[in-house]
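Structure file final-v2.pdb (PDB, C-alpha atoms, pLDDT in the B column) follows.
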ATOM      1  CA  MET A 932     -24.215 -74.350  33.464  1.00 47.00           C
ATOM      2  CA  GLY A 933     -22.964 -70.877  32.858  1.00 55.00           C
ATOM      3  CA  ASN A 934     -19.672 -69.314  33.715  1.00 77.00           C
ATOM      4  CA  ASP A 935     -21.091 -67.553  36.814  1.00 88.00           C
ATOM      5  CA  PHE A 936     -22.289 -70.887  38.188  1.00 88.00           C
ATOM      6  CA  ASN A 937     -18.947 -72.537  37.439  1.00 91.00           C
ATOM      7  CA  GLN A 938     -17.064 -69.671  39.091  1.00 94.00           C
ATOM      8  CA  GLN A 939     -19.142 -70.060  42.254  1.00 93.00           C
ATOM      9  CA  VAL A 940     -18.315 -73.775  42.344  1.00 94.00           C
ATOM     10  CA  ILE A 941     -14.617 -73.053  41.706  1.00 95.00           C
ATOM     11  CA  ASP A 942     -14.499 -70.457  44.493  1.00 95.00           C
ATOM     12  CA  GLU A 943     -16.279 -72.761  46.966  1.00 94.00           C
ATOM     13  CA  PHE A 944     -14.063 -75.710  45.965  1.00 94.00           C
ATOM     14  CA  ARG A 945     -10.874 -73.717  46.535  1.00 94.00           C
ATOM     15  CA  ALA A 946     -12.079 -72.161  49.790  1.00 92.00           C
ATOM     16  CA  ASN A 947     -13.073 -75.537  51.279  1.00 92.00           C
ATOM     17  CA  SER A 948     -10.276 -77.882  50.167  1.00 90.00           C
ATOM     18  CA  GLY A 949     -12.400 -79.487  47.457  1.00 91.00           C
ATOM     19  CA  ARG A 950     -15.718 -79.698  49.297  1.00 91.00           C
ATOM     20  CA  VAL A 951     -18.795 -78.035  47.815  1.00 91.00           C
ATOM     21  CA  GLY A 952     -22.520 -78.034  48.506  1.00 89.00           C
ATOM     22  CA  GLY A 953     -25.569 -77.753  46.314  1.00 86.00           C
ATOM     23  CA  TRP A 954     -25.764 -79.944  43.223  1.00 79.00           C
ATOM     24  CA  PHE A 955     -22.291 -81.343  43.797  1.00 83.00           C
ATOM     25  CA  GLU A 956     -22.422 -82.048  47.520  1.00 83.00           C
ATOM     26  CA  GLY A 957     -20.697 -85.347  48.175  1.00 81.00           C
ATOM     27  CA  ALA A 958     -19.629 -85.744  44.542  1.00 85.00           C
ATOM     28  CA  ARG A 959     -16.102 -86.492  43.395  1.00 90.00           C
ATOM     29  CA  LEU A 960     -14.981 -83.230  41.839  1.00 94.00           C
ATOM     30  CA  ILE A 961     -11.814 -81.813  40.390  1.00 97.00           C
ATOM     31  CA  LEU A 962     -10.960 -78.482  38.870  1.00 97.00           C
ATOM     32  CA  LEU A 963      -9.476 -78.981  35.420  1.00 98.00           C
ATOM     33  CA  THR A 964      -7.468 -76.147  33.888  1.00 98.00           C
ATOM     34  CA  THR A 965      -6.875 -76.366  30.156  1.00 98.00           C
ATOM     35  CA  THR A 966      -5.385 -74.025  27.582  1.00 97.00           C
ATOM     36  CA  GLY A 967      -7.943 -72.521  25.207  1.00 96.00           C
ATOM     37  CA  ALA A 968      -7.628 -74.002  21.716  1.00 95.00           C
ATOM     38  CA  ARG A 969      -8.306 -70.621  20.086  1.00 94.00           C
ATOM     39  CA  SER A 970      -7.442 -68.100  22.793  1.00 95.00           C
ATOM     40  CA  GLY A 971      -4.424 -69.710  24.423  1.00 95.00           C
ATOM     41  CA  ALA A 972      -5.859 -68.552  27.768  1.00 96.00           C
ATOM     42  CA  ALA A 973      -6.202 -70.761  30.842  1.00 97.00           C
ATOM     43  CA  HIS A 974      -9.749 -72.035  31.483  1.00 97.00           C
ATOM     44  CA  THR A 975     -10.798 -73.798  34.684  1.00 97.00           C
ATOM     45  CA  THR A 976     -13.834 -76.088  34.802  1.00 96.00           C
ATOM     46  CA  PRO A 977     -15.282 -78.107  37.705  1.00 96.00           C
ATOM     47  CA  LEU A 978     -15.788 -81.720  36.627  1.00 95.00           C
ATOM     48  CA  GLY A 979     -16.949 -84.975  38.113  1.00 93.00           C
ATOM     49  CA  TYR A 980     -14.417 -87.770  37.770  1.00 94.00           C
ATOM     50  CA  LEU A 981     -13.926 -91.490  38.248  1.00 94.00           C
ATOM     51  CA  PRO A 982     -10.855 -92.866  39.989  1.00 93.00           C
ATOM     52  CA  ASP A 983      -9.006 -95.351  37.818  1.00 92.00           C
ATOM     53  CA  GLY A 984      -6.316 -96.568  40.172  1.00 82.00           C
ATOM     54  CA  GLY A 985      -2.693 -95.617  40.000  1.00 81.00           C
ATOM     55  CA  ASP A 986      -1.846 -92.261  38.541  1.00 83.00           C
ATOM     56  CA  ARG A 987      -4.876 -91.540  36.372  1.00 93.00           C
ATOM     57  CA  ILE A 988      -8.454 -90.388  36.710  1.00 96.00           C
ATOM     58  CA  LEU A 989     -11.244 -90.369  34.120  1.00 97.00           C
ATOM     59  CA  VAL A 990     -13.519 -87.529  33.029  1.00 97.00           C
ATOM     60  CA  ILE A 991     -16.462 -87.660  30.630  1.00 97.00           C
ATOM     61  CA  GLY A 992     -17.323 -84.943  28.121  1.00 97.00           C
ATOM     62  CA  SER A 993     -21.058 -85.057  28.717  1.00 95.00           C
ATOM     63  CA  ALA A 994     -21.904 -81.338  28.647  1.00 94.00           C
ATOM     64  CA  GLY A 995     -25.196 -82.472  30.184  1.00 93.00           C
ATOM     65  CA  GLY A 996     -26.127 -84.295  26.978  1.00 95.00           C
ATOM     66  CA  ALA A 997     -25.646 -81.225  24.764  1.00 96.00           C
ATOM     67  CA  PRO A 998     -25.228 -81.799  21.013  1.00 97.00           C
ATOM     68  CA  THR A 999     -21.596 -80.592  21.005  1.00 97.00           C
ATOM     69  CA  HIS A1000     -18.510 -81.504  23.001  1.00 97.00           C
ATOM     70  CA  PRO A1001     -17.644 -79.238  25.927  1.00 97.00           C
ATOM     71  CA  ASP A1002     -14.955 -76.591  25.465  1.00 96.00           C
ATOM     72  CA  TRP A1003     -12.586 -78.269  27.923  1.00 97.00           C
ATOM     73  CA  PHE A1004     -12.618 -81.402  25.762  1.00 98.00           C
ATOM     74  CA  ARG A1005     -11.807 -79.477  22.579  1.00 97.00           C
ATOM     75  CA  ASN A1006      -9.036 -77.708  24.479  1.00 98.00           C
ATOM     76  CA  LEU A1007      -7.504 -81.040  25.556  1.00 98.00           C
ATOM     77  CA  VAL A1008      -7.644 -82.389  22.012  1.00 98.00           C
ATOM     78  CA  ALA A1009      -5.688 -79.323  20.858  1.00 97.00           C
ATOM     79  CA  ASP A1010      -3.251 -79.435  23.819  1.00 98.00           C
ATOM     80  CA  PRO A1011      -3.340 -82.489  26.097  1.00 98.00           C
ATOM     81  CA  ARG A1012      -1.469 -80.785  28.942  1.00 98.00           C
ATOM     82  CA  ALA A1013      -3.664 -79.742  31.866  1.00 98.00           C
ATOM     83  CA  THR A1014      -3.630 -78.923  35.560  1.00 97.00           C
ATOM     84  CA  VAL A1015      -5.784 -80.867  38.018  1.00 97.00           C
ATOM     85  CA  GLU A1016      -6.833 -79.613  41.460  1.00 96.00           C
ATOM     86  CA  ASP A1017      -8.342 -82.198  43.786  1.00 93.00           C
ATOM     87  CA  GLY A1018      -8.849 -79.942  46.799  1.00 91.00           C
ATOM     88  CA  VAL A1019      -5.679 -80.958  48.594  1.00 90.00           C
ATOM     89  CA  PHE A1020      -3.187 -81.253  45.754  1.00 93.00           C
ATOM     90  CA  VAL A1021      -2.539 -79.599  42.420  1.00 95.00           C
ATOM     91  CA  TYR A1022      -0.685 -81.521  39.736  1.00 95.00           C
ATOM     92  CA  ASP A1023       0.113 -81.390  36.057  1.00 96.00           C
ATOM     93  CA  ALA A1024      -1.447 -84.079  33.913  1.00 97.00           C
ATOM     94  CA  THR A1025      -1.511 -85.314  30.357  1.00 98.00           C
ATOM     95  CA  ALA A1026      -4.821 -86.205  28.734  1.00 98.00           C
ATOM     96  CA  ALA A1027      -5.546 -89.142  26.453  1.00 98.00           C
ATOM     97  CA  VAL A1028      -8.913 -89.637  24.769  1.00 98.00           C
ATOM     98  CA  LEU A1029     -10.004 -93.253  25.190  1.00 98.00           C
ATOM     99  CA  THR A1030     -11.350 -95.045  22.131  1.00 98.00           C
ATOM    100  CA  GLY A1031     -12.903 -98.330  21.104  1.00 97.00           C
ATOM    101  CA  ALA A1032     -13.325-101.133  23.603  1.00 97.00           C
ATOM    102  CA  GLU A1033     -11.430 -99.314  26.349  1.00 96.00           C
ATOM    103  CA  ARG A1034     -13.733 -96.281  26.071  1.00 97.00           C
ATOM    104  CA  ASP A1035     -16.827 -98.480  26.037  1.00 97.00           C
ATOM    105  CA  ARG A1036     -15.679-100.506  29.062  1.00 96.00           C
ATOM    106  CA  VAL A1037     -14.887 -97.387  31.082  1.00 95.00           C
ATOM    107  CA  PHE A1038     -18.118 -95.662  30.093  1.00 97.00           C
ATOM    108  CA  ALA A1039     -20.148 -98.731  31.124  1.00 97.00           C
ATOM    109  CA  ARG A1040     -18.365 -98.652  34.493  1.00 94.00           C
ATOM    110  CA  ALA A1041     -19.219 -94.943  34.822  1.00 94.00           C
ATOM    111  CA  VAL A1042     -22.914 -95.600  34.100  1.00 96.00           C
ATOM    112  CA  GLU A1043     -22.927 -98.410  36.655  1.00 95.00           C
ATOM    113  CA  ALA A1044     -21.503 -96.034  39.279  1.00 91.00           C
ATOM    114  CA  ASP A1045     -23.814 -93.163  38.291  1.00 90.00           C
ATOM    115  CA  PRO A1046     -26.728 -93.766  35.882  1.00 94.00           C
ATOM    116  CA  GLY A1047     -26.782 -90.041  35.106  1.00 93.00           C
ATOM    117  CA  TRP A1048     -23.996 -90.603  32.573  1.00 94.00           C
ATOM    118  CA  GLY A1049     -26.303 -92.912  30.655  1.00 96.00           C
ATOM    119  CA  ASP A1050     -29.053 -90.281  30.782  1.00 96.00           C
ATOM    120  CA  TYR A1051     -26.659 -87.722  29.274  1.00 96.00           C
ATOM    121  CA  GLN A1052     -25.709 -90.165  26.514  1.00 97.00           C
ATOM    122  CA  ALA A1053     -29.394 -90.786  25.743  1.00 97.00           C
ATOM    123  CA  ARG A1054     -29.954 -87.042  25.236  1.00 96.00           C
ATOM    124  CA  THR A1055     -27.478 -86.700  22.379  1.00 97.00           C
ATOM    125  CA  SER A1056     -26.480 -88.441  19.164  1.00 97.00           C
ATOM    126  CA  ARG A1057     -22.757 -87.870  19.749  1.00 97.00           C
ATOM    127  CA  VAL A1058     -20.669 -90.429  21.599  1.00 97.00           C
ATOM    128  CA  LEU A1059     -19.664 -88.934  24.937  1.00 98.00           C
ATOM    129  CA  PRO A1060     -15.874 -88.834  25.050  1.00 98.00           C
ATOM    130  CA  VAL A1061     -13.977 -90.377  27.941  1.00 98.00           C
ATOM    131  CA  VAL A1062     -10.621 -88.834  28.804  1.00 98.00           C
ATOM    132  CA  ALA A1063      -7.898 -90.297  30.998  1.00 97.00           C
ATOM    133  CA  LEU A1064      -5.877 -87.713  32.910  1.00 98.00           C
ATOM    134  CA  ARG A1065      -2.517 -89.170  33.905  1.00 97.00           C
ATOM    135  CA  GLN A1066      -0.495 -87.368  36.554  1.00 95.00           C
ATOM    136  CA  ASP A1067       2.855 -86.231  35.188  1.00 94.00           C
ATOM    137  CA  PRO A1068       5.997 -87.457  36.983  1.00 92.00           C
ATOM    138  CA  GLY A1069       6.995 -85.600  40.109  1.00 88.00           C
ATOM    139  CA  PRO A1070       5.280 -84.756  43.351  1.00 87.00           C
ATOM    140  CA  PRO A1071       2.032 -82.791  43.413  1.00 88.00           C
ATOM    141  CA  ARG A1072       1.882 -79.329  44.974  1.00 91.00           C
ATOM    142  CA  PHE A1073      -0.381 -78.378  47.867  1.00 90.00           C
ATOM    143  CA  ALA A1074      -3.537 -76.518  46.875  1.00 85.00           C
ATOM    144  CA  GLU A1075      -3.646 -73.083  48.507  1.00 74.00           C
ATOM    145  CA  ALA A1076      -6.354 -73.939  51.071  1.00 61.00           C
ATOM    146  CA  ALA A1077      -4.571 -77.187  51.942  1.00 59.00           C
ATOM    147  CA  ARG A1078      -1.105 -75.707  52.514  1.00 54.00           C
ATOM    148  CA  PRO A1079       0.103 -76.689  55.992  1.00 57.00           C
ATOM    149  CA  ALA A1080       0.936 -73.025  56.703  1.00 53.00           C
ATOM    150  CA  SER A1081      -2.725 -72.109  56.052  1.00 50.00           C
ATOM    151  CA  TRP A1082      -3.743 -74.262  59.022  1.00 47.00           C
ATOM    152  CA  VAL A1083      -1.919 -71.979  61.460  1.00 48.00           C
ATOM    153  CA  ARG A1084      -4.046 -69.139  62.765  1.00 49.00           C
ATOM    154  CA  ARG A1085      -2.346 -65.813  62.770  1.00 46.00           C
TER
END
Give the structure from the file, written as structure tokens.
Amino acid sequence: MGNDFNQQVIDEFRANSGRVGGWFEGARLILLTTTGARSGAAHTTPLGYLPDGGDRILVIGSAGGAPTHPDWFRNLVADPRATVEDGVFVYDATAAVLTGAERDRVFARAVEADPGWGDYQARTSRVLPVVALRQDPGPPRFAEAARPASWVRR
């Protein structure tokens, strides 16, 4: 998926408090903003996620089964700080790449919930990374479209 496609999803996500149509209609989506490993610039990517209870969510670096890890994953390895938008709230998070038995257990759970993850894994020889995003301490902020003041018609 190219940058134009991603930007359309980002714009729709932000305009509709996290709801989008098309390929992602009804899917659990977040917008993940990372810092570019080489550029130092902010990069925002729409991603599917799995809830993991408590203060963390899980994302998988599938890149649709491509032979290389997605840029957002490489960015998180270089700098684990990120921003997560869920449609209503925006919060800072810290990423941790899951390994070993924990990674395998979580990935199996992901495939059970959505067999597409298994299809992506079958398309590539690399092990798809699983990343836990843990919300940093402190309250989240309202996303722009979800701000209570935005509900008032002027």
Pull out every residue that the PyMOL selection byres ((chain A and resi 1057) around 10) matches in the shown coordinates and put them as a PyMOL selection string. chain A and resi 993+996-1000+1052-1056+1058-1060
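Minimum atom-to-atom distance to Ala1063 of chain A, evaluated using only C-alpha atoms, belongs to A:Tyr980 out of A:Trp954, A:Trp1003, A:Tyr1051, A:Tyr980.
Shortest atom-to-atom contact with Arg1065 of chain A among A:Val1037, A:Ala973, A:Leu960, A:Ala1013: A:Ala1013, counting only C-alpha atoms.
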With all atoms listed in the file as the atoms that count, which of A:Val940, A:Leu1064, A:Ala958, A:Val951 lies nearest to Asp1023 of chain A?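 For Asp1023 of chain A, the nearest of the candidates is A:Leu1064.
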Grab the atom CA of Arg1034 of chain A to atom CA of His974 of chain A distance for me, in Å with one decimal place.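 Between atom CA of Arg1034 of chain A and atom CA of His974 of chain A the gap works out to 25.2 Å.
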By how many Å are atom CA of Gly967 of chain A and atom CA of Ala1032 of chain A apart?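 Computing the Euclidean distance for atom CA of Gly967 of chain A and atom CA of Ala1032 of chain A yields 29.2 Å.
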